[in-house]
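Content type mmCIF, N, CA and C atoms, from the file structure_23.cif:
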data_structure
#
loop_
_atom_site.label_atom_id
_atom_site.label_comp_id
_atom_site.auth_asym_id
_atom_site.auth_seq_id
_atom_site.Cartn_x
_atom_site.Cartn_y
_atom_site.Cartn_z
N MET O 18 10.70 34.94 22.03
CA MET O 18 10.06 35.58 20.89
C MET O 18 10.09 34.63 19.70
N MET O 19 9.00 34.49 19.03
CA MET O 19 8.88 33.60 17.89
C MET O 19 9.32 34.32 16.64
N ALA O 20 9.99 33.60 15.78
CA ALA O 20 10.42 34.17 14.52
C ALA O 20 9.22 34.43 13.63
N THR O 21 9.32 35.43 12.81
CA THR O 21 8.27 35.73 11.85
C THR O 21 8.74 35.24 10.49
N THR O 22 7.90 34.52 9.82
CA THR O 22 8.27 33.98 8.52
C THR O 22 8.18 35.04 7.43
N ASN O 23 9.03 34.91 6.44
CA ASN O 23 8.95 35.76 5.25
C ASN O 23 7.90 35.21 4.30
N ASN O 24 7.56 33.95 4.48
CA ASN O 24 6.52 33.34 3.65
C ASN O 24 5.16 33.81 4.16
N THR O 25 4.28 34.06 3.25
CA THR O 25 2.94 34.43 3.66
C THR O 25 2.12 33.17 3.85
N PRO O 26 1.20 33.19 4.79
CA PRO O 26 0.36 32.01 4.98
C PRO O 26 -0.35 31.58 3.70
N SER O 27 -0.66 32.52 2.83
CA SER O 27 -1.36 32.16 1.60
C SER O 27 -0.47 31.39 0.63
N SER O 28 0.86 31.42 0.83
CA SER O 28 1.75 30.68 -0.07
C SER O 28 1.82 29.20 0.33
N TYR O 29 1.21 28.84 1.42
CA TYR O 29 1.12 27.46 1.88
C TYR O 29 -0.34 27.09 1.95
N ASN O 30 -0.67 25.82 1.76
CA ASN O 30 -2.08 25.47 1.86
C ASN O 30 -2.41 24.91 3.23
N SER O 31 -1.41 24.78 4.12
CA SER O 31 -1.66 24.18 5.43
C SER O 31 -0.89 24.90 6.54
N ILE O 32 -1.63 25.26 7.59
CA ILE O 32 -1.03 25.91 8.76
C ILE O 32 -1.45 25.13 9.99
N ILE O 33 -0.48 24.83 10.82
CA ILE O 33 -0.73 24.10 12.06
C ILE O 33 -0.63 25.08 13.23
N LEU O 34 -1.68 25.13 14.04
CA LEU O 34 -1.68 25.90 15.27
C LEU O 34 -1.49 24.91 16.40
N PHE O 35 -0.55 25.21 17.30
CA PHE O 35 -0.20 24.27 18.36
C PHE O 35 0.03 25.01 19.66
N ASP O 36 -0.04 24.29 20.77
CA ASP O 36 0.23 24.87 22.09
C ASP O 36 1.73 25.07 22.21
N GLY O 37 2.17 26.31 22.14
CA GLY O 37 3.58 26.64 22.12
C GLY O 37 4.33 26.41 23.41
N VAL O 38 3.64 26.24 24.52
CA VAL O 38 4.34 26.01 25.80
C VAL O 38 4.34 24.54 26.19
N CYS O 39 3.65 23.71 25.46
CA CYS O 39 3.54 22.28 25.75
C CYS O 39 4.75 21.54 25.18
N ASN O 40 5.46 20.80 26.02
CA ASN O 40 6.62 20.04 25.56
C ASN O 40 6.23 18.98 24.52
N PHE O 41 5.13 18.29 24.76
CA PHE O 41 4.68 17.26 23.82
C PHE O 41 4.33 17.89 22.47
N CYS O 42 3.60 18.99 22.51
CA CYS O 42 3.19 19.67 21.28
C CYS O 42 4.41 20.15 20.49
N SER O 43 5.39 20.69 21.20
CA SER O 43 6.62 21.13 20.54
C SER O 43 7.36 19.96 19.91
N ALA O 44 7.36 18.81 20.57
CA ALA O 44 7.99 17.62 20.02
C ALA O 44 7.26 17.16 18.76
N VAL O 45 5.93 17.25 18.77
CA VAL O 45 5.14 16.89 17.60
C VAL O 45 5.48 17.82 16.43
N VAL O 46 5.60 19.11 16.70
CA VAL O 46 5.96 20.08 15.66
C VAL O 46 7.34 19.73 15.08
N GLN O 47 8.30 19.42 15.93
CA GLN O 47 9.63 19.04 15.45
C GLN O 47 9.56 17.77 14.60
N PHE O 48 8.74 16.82 15.01
CA PHE O 48 8.55 15.59 14.24
C PHE O 48 8.00 15.91 12.85
N VAL O 49 6.99 16.76 12.80
CA VAL O 49 6.39 17.14 11.51
C VAL O 49 7.43 17.85 10.64
N LEU O 50 8.16 18.77 11.22
CA LEU O 50 9.19 19.48 10.46
C LEU O 50 10.19 18.52 9.83
N LYS O 51 10.62 17.53 10.58
CA LYS O 51 11.61 16.56 10.08
C LYS O 51 11.05 15.67 8.97
N HIS O 52 9.76 15.40 9.00
CA HIS O 52 9.16 14.48 8.04
C HIS O 52 8.36 15.17 6.94
N ASP O 53 8.29 16.48 6.98
CA ASP O 53 7.56 17.26 5.97
C ASP O 53 8.53 17.60 4.84
N LYS O 54 8.86 16.61 4.05
CA LYS O 54 9.89 16.76 3.00
C LYS O 54 9.53 17.79 1.94
N HIS O 55 8.24 18.02 1.73
CA HIS O 55 7.81 18.98 0.71
C HIS O 55 7.45 20.33 1.31
N GLN O 56 7.75 20.52 2.58
CA GLN O 56 7.50 21.78 3.29
C GLN O 56 6.08 22.31 3.04
N ARG O 57 5.11 21.47 3.34
CA ARG O 57 3.71 21.83 3.12
C ARG O 57 3.13 22.66 4.26
N PHE O 58 3.76 22.63 5.42
CA PHE O 58 3.16 23.23 6.61
C PHE O 58 3.91 24.44 7.13
N LEU O 59 3.12 25.43 7.57
CA LEU O 59 3.61 26.52 8.40
C LEU O 59 3.07 26.27 9.80
N PHE O 60 3.67 26.90 10.80
CA PHE O 60 3.30 26.67 12.19
C PHE O 60 3.15 27.99 12.92
N SER O 61 2.24 27.98 13.89
CA SER O 61 2.07 29.14 14.75
C SER O 61 1.55 28.66 16.10
N PRO O 62 2.15 29.14 17.19
CA PRO O 62 1.63 28.75 18.50
C PRO O 62 0.25 29.36 18.72
N LEU O 63 -0.60 28.61 19.39
CA LEU O 63 -1.95 29.10 19.69
C LEU O 63 -1.92 30.38 20.53
N GLN O 64 -0.83 30.62 21.23
CA GLN O 64 -0.71 31.81 22.07
C GLN O 64 -0.37 33.06 21.26
N SER O 65 -0.06 32.92 19.97
CA SER O 65 0.35 34.06 19.15
C SER O 65 -0.84 34.91 18.72
N GLN O 66 -0.55 36.15 18.34
CA GLN O 66 -1.59 37.05 17.83
C GLN O 66 -2.19 36.49 16.54
N TYR O 67 -1.34 35.91 15.69
CA TYR O 67 -1.84 35.33 14.44
C TYR O 67 -2.88 34.25 14.73
N ALA O 68 -2.55 33.32 15.64
CA ALA O 68 -3.48 32.24 15.98
C ALA O 68 -4.76 32.78 16.58
N GLN O 69 -4.65 33.81 17.41
CA GLN O 69 -5.84 34.40 18.01
C GLN O 69 -6.75 34.99 16.95
N LYS O 70 -6.17 35.58 15.91
CA LYS O 70 -6.97 36.11 14.80
C LYS O 70 -7.68 34.97 14.06
N ILE O 71 -6.97 33.86 13.87
CA ILE O 71 -7.56 32.70 13.20
C ILE O 71 -8.70 32.13 14.05
N LEU O 72 -8.47 32.00 15.36
CA LEU O 72 -9.52 31.48 16.24
C LEU O 72 -10.77 32.36 16.14
N ALA O 73 -10.56 33.68 16.12
CA ALA O 73 -11.69 34.60 16.02
C ALA O 73 -12.38 34.48 14.66
N LYS O 74 -11.59 34.40 13.61
CA LYS O 74 -12.14 34.30 12.25
C LYS O 74 -13.05 33.08 12.11
N TYR O 75 -12.63 31.97 12.68
CA TYR O 75 -13.40 30.73 12.57
C TYR O 75 -14.30 30.50 13.78
N GLN O 76 -14.45 31.52 14.60
CA GLN O 76 -15.32 31.49 15.79
C GLN O 76 -15.02 30.31 16.70
N LEU O 77 -13.71 30.10 16.92
CA LEU O 77 -13.27 29.08 17.87
C LEU O 77 -12.94 29.75 19.18
N SER O 78 -13.18 29.06 20.26
CA SER O 78 -12.96 29.62 21.59
C SER O 78 -11.50 29.49 22.01
N ASN O 79 -11.10 30.34 22.95
CA ASN O 79 -9.77 30.20 23.55
C ASN O 79 -9.64 28.87 24.27
N LYS O 80 -10.75 28.21 24.54
CA LYS O 80 -10.70 26.88 25.13
C LYS O 80 -10.06 25.89 24.17
N ASP O 81 -10.00 26.26 22.89
CA ASP O 81 -9.39 25.40 21.89
C ASP O 81 -7.87 25.40 22.00
N LEU O 82 -7.33 26.06 23.03
CA LEU O 82 -5.89 26.04 23.24
C LEU O 82 -5.40 24.64 23.56
N ASN O 83 -6.28 23.73 23.91
CA ASN O 83 -5.85 22.36 24.18
C ASN O 83 -5.99 21.49 22.94
N SER O 84 -6.14 22.11 21.80
CA SER O 84 -6.31 21.34 20.57
C SER O 84 -5.20 21.65 19.58
N PHE O 85 -4.94 20.69 18.77
CA PHE O 85 -4.05 20.79 17.62
C PHE O 85 -4.98 21.20 16.48
N ILE O 86 -4.70 22.31 15.85
CA ILE O 86 -5.62 22.83 14.83
C ILE O 86 -4.88 22.90 13.49
N LEU O 87 -5.51 22.37 12.48
CA LEU O 87 -4.98 22.41 11.13
C LEU O 87 -5.90 23.27 10.28
N ILE O 88 -5.33 24.24 9.60
CA ILE O 88 -6.07 25.04 8.62
C ILE O 88 -5.54 24.60 7.26
N GLN O 89 -6.43 24.03 6.48
CA GLN O 89 -6.01 23.50 5.18
C GLN O 89 -7.06 23.89 4.15
N ASN O 90 -6.63 24.63 3.16
CA ASN O 90 -7.54 25.09 2.10
C ASN O 90 -8.78 25.77 2.68
N ASN O 91 -8.54 26.66 3.66
CA ASN O 91 -9.58 27.44 4.34
C ASN O 91 -10.59 26.59 5.11
N GLN O 92 -10.21 25.38 5.45
CA GLN O 92 -11.03 24.50 6.29
C GLN O 92 -10.30 24.30 7.62
N ILE O 93 -11.04 24.17 8.69
CA ILE O 93 -10.47 23.94 10.02
C ILE O 93 -10.66 22.47 10.39
N TYR O 94 -9.58 21.87 10.85
CA TYR O 94 -9.64 20.51 11.37
C TYR O 94 -9.03 20.53 12.76
N THR O 95 -9.63 19.79 13.68
CA THR O 95 -9.14 19.75 15.06
C THR O 95 -8.97 18.31 15.52
N GLN O 96 -8.34 18.19 16.65
CA GLN O 96 -8.17 16.93 17.36
C GLN O 96 -7.57 15.85 16.46
N SER O 97 -8.10 14.64 16.56
CA SER O 97 -7.49 13.50 15.85
C SER O 97 -7.58 13.64 14.33
N THR O 98 -8.62 14.26 13.84
CA THR O 98 -8.75 14.44 12.39
C THR O 98 -7.63 15.33 11.87
N ALA O 99 -7.31 16.39 12.60
CA ALA O 99 -6.20 17.27 12.21
C ALA O 99 -4.89 16.49 12.19
N ALA O 100 -4.65 15.71 13.23
CA ALA O 100 -3.41 14.94 13.32
C ALA O 100 -3.30 13.94 12.17
N ILE O 101 -4.38 13.27 11.85
CA ILE O 101 -4.36 12.29 10.77
C ILE O 101 -4.12 12.97 9.42
N LYS O 102 -4.74 14.11 9.19
CA LYS O 102 -4.53 14.83 7.93
C LYS O 102 -3.07 15.28 7.79
N VAL O 103 -2.46 15.69 8.90
CA VAL O 103 -1.05 16.08 8.86
C VAL O 103 -0.18 14.86 8.54
N VAL O 104 -0.40 13.78 9.26
CA VAL O 104 0.40 12.56 9.06
C VAL O 104 0.29 12.07 7.62
N ARG O 105 -0.90 12.15 7.06
CA ARG O 105 -1.12 11.71 5.68
C ARG O 105 -0.23 12.45 4.70
N ALA O 106 0.10 13.71 4.99
CA ALA O 106 0.90 14.54 4.08
C ALA O 106 2.41 14.36 4.27
N LEU O 107 2.81 13.61 5.29
CA LEU O 107 4.23 13.44 5.56
C LEU O 107 4.84 12.35 4.68
N ALA O 108 6.17 12.26 4.75
CA ALA O 108 6.90 11.29 3.93
C ALA O 108 6.62 9.85 4.36
N PHE O 109 6.78 8.94 3.42
CA PHE O 109 6.68 7.51 3.69
C PHE O 109 7.85 7.10 4.59
N PRO O 110 7.70 6.28 5.55
CA PRO O 110 6.56 5.47 5.94
C PRO O 110 5.67 6.14 6.99
N THR O 111 6.02 7.35 7.42
CA THR O 111 5.25 8.04 8.45
C THR O 111 3.79 8.19 8.03
N ASN O 112 3.56 8.44 6.77
CA ASN O 112 2.20 8.66 6.29
C ASN O 112 1.31 7.43 6.45
N LEU O 113 1.89 6.28 6.68
CA LEU O 113 1.09 5.06 6.90
C LEU O 113 0.29 5.14 8.19
N LEU O 114 0.70 6.01 9.11
CA LEU O 114 -0.06 6.19 10.35
C LEU O 114 -1.46 6.72 10.10
N ALA O 115 -1.69 7.25 8.92
CA ALA O 115 -3.01 7.79 8.57
C ALA O 115 -4.07 6.70 8.51
N ILE O 116 -3.67 5.45 8.57
CA ILE O 116 -4.63 4.34 8.62
C ILE O 116 -5.57 4.48 9.81
N ALA O 117 -5.16 5.26 10.80
CA ALA O 117 -5.99 5.49 11.98
C ALA O 117 -7.33 6.13 11.63
N ILE O 118 -7.46 6.63 10.42
CA ILE O 118 -8.72 7.26 10.00
C ILE O 118 -9.87 6.24 10.03
N ILE O 119 -9.55 4.95 9.96
CA ILE O 119 -10.62 3.94 9.98
C ILE O 119 -11.22 3.77 11.38
N ILE O 120 -10.53 4.27 12.40
CA ILE O 120 -11.07 4.22 13.76
C ILE O 120 -12.16 5.29 13.86
N PRO O 121 -13.32 4.94 14.39
CA PRO O 121 -14.40 5.94 14.49
C PRO O 121 -13.94 7.19 15.25
N PRO O 122 -14.38 8.37 14.78
CA PRO O 122 -13.94 9.63 15.40
C PRO O 122 -14.20 9.71 16.90
N PHE O 123 -15.30 9.16 17.39
CA PHE O 123 -15.57 9.27 18.82
C PHE O 123 -14.53 8.51 19.64
N ILE O 124 -13.95 7.45 19.10
CA ILE O 124 -12.88 6.72 19.79
C ILE O 124 -11.57 7.48 19.67
N ARG O 125 -11.24 7.91 18.44
CA ARG O 125 -10.00 8.67 18.23
C ARG O 125 -9.97 9.92 19.09
N ASN O 126 -11.08 10.66 19.10
CA ASN O 126 -11.11 11.91 19.85
C ASN O 126 -11.14 11.69 21.36
N TYR O 127 -11.66 10.58 21.81
CA TYR O 127 -11.61 10.24 23.24
C TYR O 127 -10.15 10.05 23.66
N ILE O 128 -9.40 9.29 22.88
CA ILE O 128 -7.97 9.08 23.16
C ILE O 128 -7.23 10.41 23.07
N TYR O 129 -7.53 11.18 22.04
CA TYR O 129 -6.92 12.50 21.88
C TYR O 129 -7.18 13.36 23.12
N HIS O 130 -8.42 13.37 23.59
CA HIS O 130 -8.81 14.17 24.75
C HIS O 130 -8.02 13.76 26.00
N ILE O 131 -7.82 12.48 26.20
CA ILE O 131 -7.04 12.00 27.36
C ILE O 131 -5.61 12.54 27.29
N ILE O 132 -5.00 12.46 26.11
CA ILE O 132 -3.63 12.97 25.95
C ILE O 132 -3.60 14.48 26.13
N ALA O 133 -4.53 15.20 25.49
CA ALA O 133 -4.56 16.67 25.57
C ALA O 133 -4.76 17.15 27.00
N THR O 134 -5.63 16.47 27.73
CA THR O 134 -5.94 16.87 29.10
C THR O 134 -4.74 16.66 30.03
N ASN O 135 -3.94 15.64 29.76
CA ASN O 135 -2.83 15.28 30.64
C ASN O 135 -1.45 15.67 30.11
N ARG O 136 -1.40 16.39 29.01
CA ARG O 136 -0.11 16.64 28.35
C ARG O 136 0.89 17.38 29.23
N TYR O 137 0.45 18.35 30.01
CA TYR O 137 1.39 19.08 30.88
C TYR O 137 1.88 18.17 31.99
N ARG O 138 1.01 17.39 32.56
CA ARG O 138 1.38 16.50 33.66
C ARG O 138 2.35 15.42 33.18
N TRP O 139 2.10 14.87 31.99
CA TRP O 139 2.92 13.77 31.49
C TRP O 139 4.21 14.25 30.83
N PHE O 140 4.18 15.37 30.12
CA PHE O 140 5.32 15.79 29.31
C PHE O 140 5.94 17.11 29.74
N GLY O 141 5.25 17.87 30.59
CA GLY O 141 5.78 19.13 31.07
C GLY O 141 5.35 20.32 30.24
N LYS O 142 5.73 21.49 30.75
CA LYS O 142 5.32 22.76 30.16
C LYS O 142 6.48 23.74 30.27
N LYS O 143 6.64 24.56 29.24
CA LYS O 143 7.66 25.61 29.23
C LYS O 143 7.07 26.91 29.76
N ASN O 144 7.93 27.85 30.12
CA ASN O 144 7.48 29.17 30.56
C ASN O 144 7.19 30.10 29.38
N SER O 145 7.74 29.75 28.22
CA SER O 145 7.52 30.58 27.03
C SER O 145 7.34 29.66 25.82
N CYS O 146 6.91 30.25 24.72
CA CYS O 146 6.62 29.46 23.52
C CYS O 146 7.88 28.85 22.92
N TYR O 147 7.66 27.75 22.23
CA TYR O 147 8.71 27.03 21.50
C TYR O 147 9.41 27.96 20.53
N ILE O 148 10.74 27.91 20.53
CA ILE O 148 11.53 28.69 19.59
C ILE O 148 12.19 27.71 18.63
N PRO O 149 11.90 27.83 17.34
CA PRO O 149 12.43 26.87 16.37
C PRO O 149 13.93 27.04 16.14
N ALA O 150 14.56 25.96 15.69
CA ALA O 150 15.95 26.04 15.27
C ALA O 150 16.03 27.01 14.09
N SER O 151 17.19 27.62 13.92
CA SER O 151 17.33 28.66 12.89
C SER O 151 17.00 28.15 11.49
N ASN O 152 17.25 26.87 11.21
CA ASN O 152 16.95 26.35 9.88
C ASN O 152 15.45 26.17 9.64
N TRP O 153 14.62 26.33 10.69
CA TRP O 153 13.18 26.18 10.54
C TRP O 153 12.42 27.50 10.80
N GLU O 154 13.13 28.57 11.10
CA GLU O 154 12.46 29.84 11.43
C GLU O 154 11.49 30.30 10.36
N ASN O 155 11.83 30.06 9.10
CA ASN O 155 10.97 30.53 8.01
C ASN O 155 9.66 29.77 7.89
N ARG O 156 9.47 28.75 8.71
CA ARG O 156 8.25 27.95 8.68
C ARG O 156 7.27 28.36 9.78
N PHE O 157 7.62 29.40 10.54
CA PHE O 157 6.81 29.82 11.69
C PHE O 157 6.24 31.21 11.49
N ILE O 158 5.01 31.37 11.94
CA ILE O 158 4.30 32.65 11.89
C ILE O 158 4.16 33.12 13.32
N GLU O 159 4.51 34.36 13.57
CA GLU O 159 4.42 34.90 14.92
C GLU O 159 3.00 35.24 15.27
#

Can you present the structure in this file as structure tokens?
Amino acid sequence: MMATTNNTPSSYNSIILFDGVCNFCSAVVQFVLKHDKHQRFLFSPLQSQYAQKILAKYQLSNKDLNSFILIQNNQIYTQSTAAIKVVRALAFPTNLLAIAIIIPPFIRNYIYHIIATNRYRWFGKKNSCYIPASNWENRFIE
């Protein structure tokens, strides 16, 4: 069971939707949590009711479960663009990875697609959604 945050999504300008059963995706979330010094991001697994409401609101398909989705200032970003926008907001020197924005989107998203398609095979899959450490529970939306 995922913890429910006391913070409202509107109190943050950025929410990350991620595949909660993917080991790689969970590791990425932990990485962001550790480097998000200003606590700009809230998180919700794509399998949650909250994420399903967001997918419906923005008319995204359940097929988008293989994507990393960033909601920032009521805009939706997916795939490599979402990842780059998140990295840009992290602490130095991690934010330097945002230089990848100069790579054309069709190349970035092709690489992203290869990783997304093979993530379970390469990194494994859990039987249930990622459960955050107690010190990060308030950053998650059920």

Exercise: Leu63 in chain O partners within 8 Å, only C-alpha atoms, chain neighbours under 5 positions left out, as a PyMOL selection string: chain O and resi 34-37+68-69+82

For the selection just defined, write its residues with N, CA and C atoms to a file, as a PDB file, keeping the file's coordinate frame.
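See out-v4.pdb below for the written result:
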ATOM      1  N   LEU O  34      -1.680  25.130  14.040  1.00  0.00           N
ATOM      2  CA  LEU O  34      -1.680  25.900  15.270  1.00  0.00           C
ATOM      3  C   LEU O  34      -1.490  24.910  16.400  1.00  0.00           C
ATOM      4  N   PHE O  35      -0.550  25.210  17.300  1.00  0.00           N
ATOM      5  CA  PHE O  35      -0.200  24.270  18.360  1.00  0.00           C
ATOM      6  C   PHE O  35       0.030  25.010  19.660  1.00  0.00           C
ATOM      7  N   ASP O  36      -0.040  24.290  20.770  1.00  0.00           N
ATOM      8  CA  ASP O  36       0.230  24.870  22.090  1.00  0.00           C
ATOM      9  C   ASP O  36       1.730  25.070  22.210  1.00  0.00           C
ATOM     10  N   GLY O  37       2.170  26.310  22.140  1.00  0.00           N
ATOM     11  CA  GLY O  37       3.580  26.640  22.120  1.00  0.00           C
ATOM     12  C   GLY O  37       4.330  26.410  23.410  1.00  0.00           C
ATOM     13  N   ALA O  68      -2.550  33.320  15.640  1.00  0.00           N
ATOM     14  CA  ALA O  68      -3.480  32.240  15.980  1.00  0.00           C
ATOM     15  C   ALA O  68      -4.760  32.780  16.580  1.00  0.00           C
ATOM     16  N   GLN O  69      -4.650  33.810  17.410  1.00  0.00           N
ATOM     17  CA  GLN O  69      -5.840  34.400  18.010  1.00  0.00           C
ATOM     18  C   GLN O  69      -6.750  34.990  16.950  1.00  0.00           C
ATOM     19  N   LEU O  82      -7.330  26.060  23.030  1.00  0.00           N
ATOM     20  CA  LEU O  82      -5.890  26.040  23.240  1.00  0.00           C
ATOM     21  C   LEU O  82      -5.400  24.640  23.560  1.00  0.00           C
TER      22      LEU O  82
END

Selected residue of minimal separation from Lys142 in chain O among O:Ala100, O:Ala73, O:Ile33, O:Cys42, counting only C-alpha atoms: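 So, comparing all the options, the nearest one is O:Cys42.
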
Which of O:Cys39, O:Ile101, O:Val49, O:Leu72 sits closest to Arg136 in chain O [using only N, CA and C atoms]: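 The closest residue to Arg136 in chain O is O:Cys39.
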
Near-range 109-112 of chain O list (8 Å; only N, CA and C atoms; drop same-chain fewer than 5 positions) as a list in words: His52, Lys54, Val103 and Val104 of chain O

Pairwise distance for CA of Ile131 in chain O and atom N of Tyr94 in chain O, rounded to one decimal in Å: 19.4 Å

Resolved residues for the PyMOL selection byres ((chain O and resi 145) around 6) as a PyMOL selection string: chain O and resi 37-38+143-144+146-147

Expected answer as a list in words: strand (DSSP E or B) residues in range 35-73 of chain O: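 Across range 35-73 of chain O, those assigned strand (DSSP E or B) are Phe35, Cys39, Phe58, Leu59, Phe60, Ser61 and Pro62 of chain O.
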
Hits from the PyMOL selection byres ((chain O and resi 156) around 6), listed as a list in words: Thr22, Phe58, Leu59, Phe60, Trp153, Glu154, Asn155, Phe157 and Ile158 of chain O

Straight-line distance linking CA of Ile32 in chain O with CA of Ser61 in chain O, stated in Å to one decimal: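 Separation of CA of Ile32 in chain O and CA of Ser61 in chain O: 7.5 Å.
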
Chain O: residues DSSP assigns to helix (DSSP H, G or I), reported as JSON, numbers by chain: {"O": [26, 27, 28, 40, 41, 42, 43, 44, 45, 46, 47, 48, 49, 50, 51, 52, 66, 67, 68, 69, 70, 71, 72, 73, 74, 79, 80, 81, 82, 83, 96, 97, 98, 99, 100, 101, 102, 103, 104, 105, 106, 111, 112, 113, 114, 115, 116, 117, 118, 119, 122, 123, 124, 125, 126, 127, 128, 129, 130, 131, 132, 133, 134, 135, 136, 137, 138, 139, 140, 151, 152, 153, 154, 155, 156]}

d(CA of Ile118 in chain O, CA of Phe41 in chain O) in Å: 21.7 Å

Minimum-distance residue to Ala99 in chain O, chosen among O:Leu87, O:Val46, O:Leu114, O:Ile128 (using all atoms listed in the file):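 Checking each candidate against Ala99 in chain O, we get O:Leu87 as the closest.
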
Nearest to Arg105 in chain O, chosen from O:Asp53, O:Ser43, O:Arg138, O:Gln66, with only C-alpha atoms counted in the distances: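 Once distances to Arg105 in chain O are computed over only C-alpha atoms, the minimum belongs to O:Asp53.
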
Starting from 8 Å padding per side, set up an axis-aligned box that covers all listed atoms of range 105-120 of chain O and hand over centre and edge lengths in Å, one decimal, as lines of an AutoDock Vina configuration file.
center_x = -2.2
center_y = 9.2
center_z = 8.6
size_x = 36.0
size_y = 26.8
size_z = 26.4
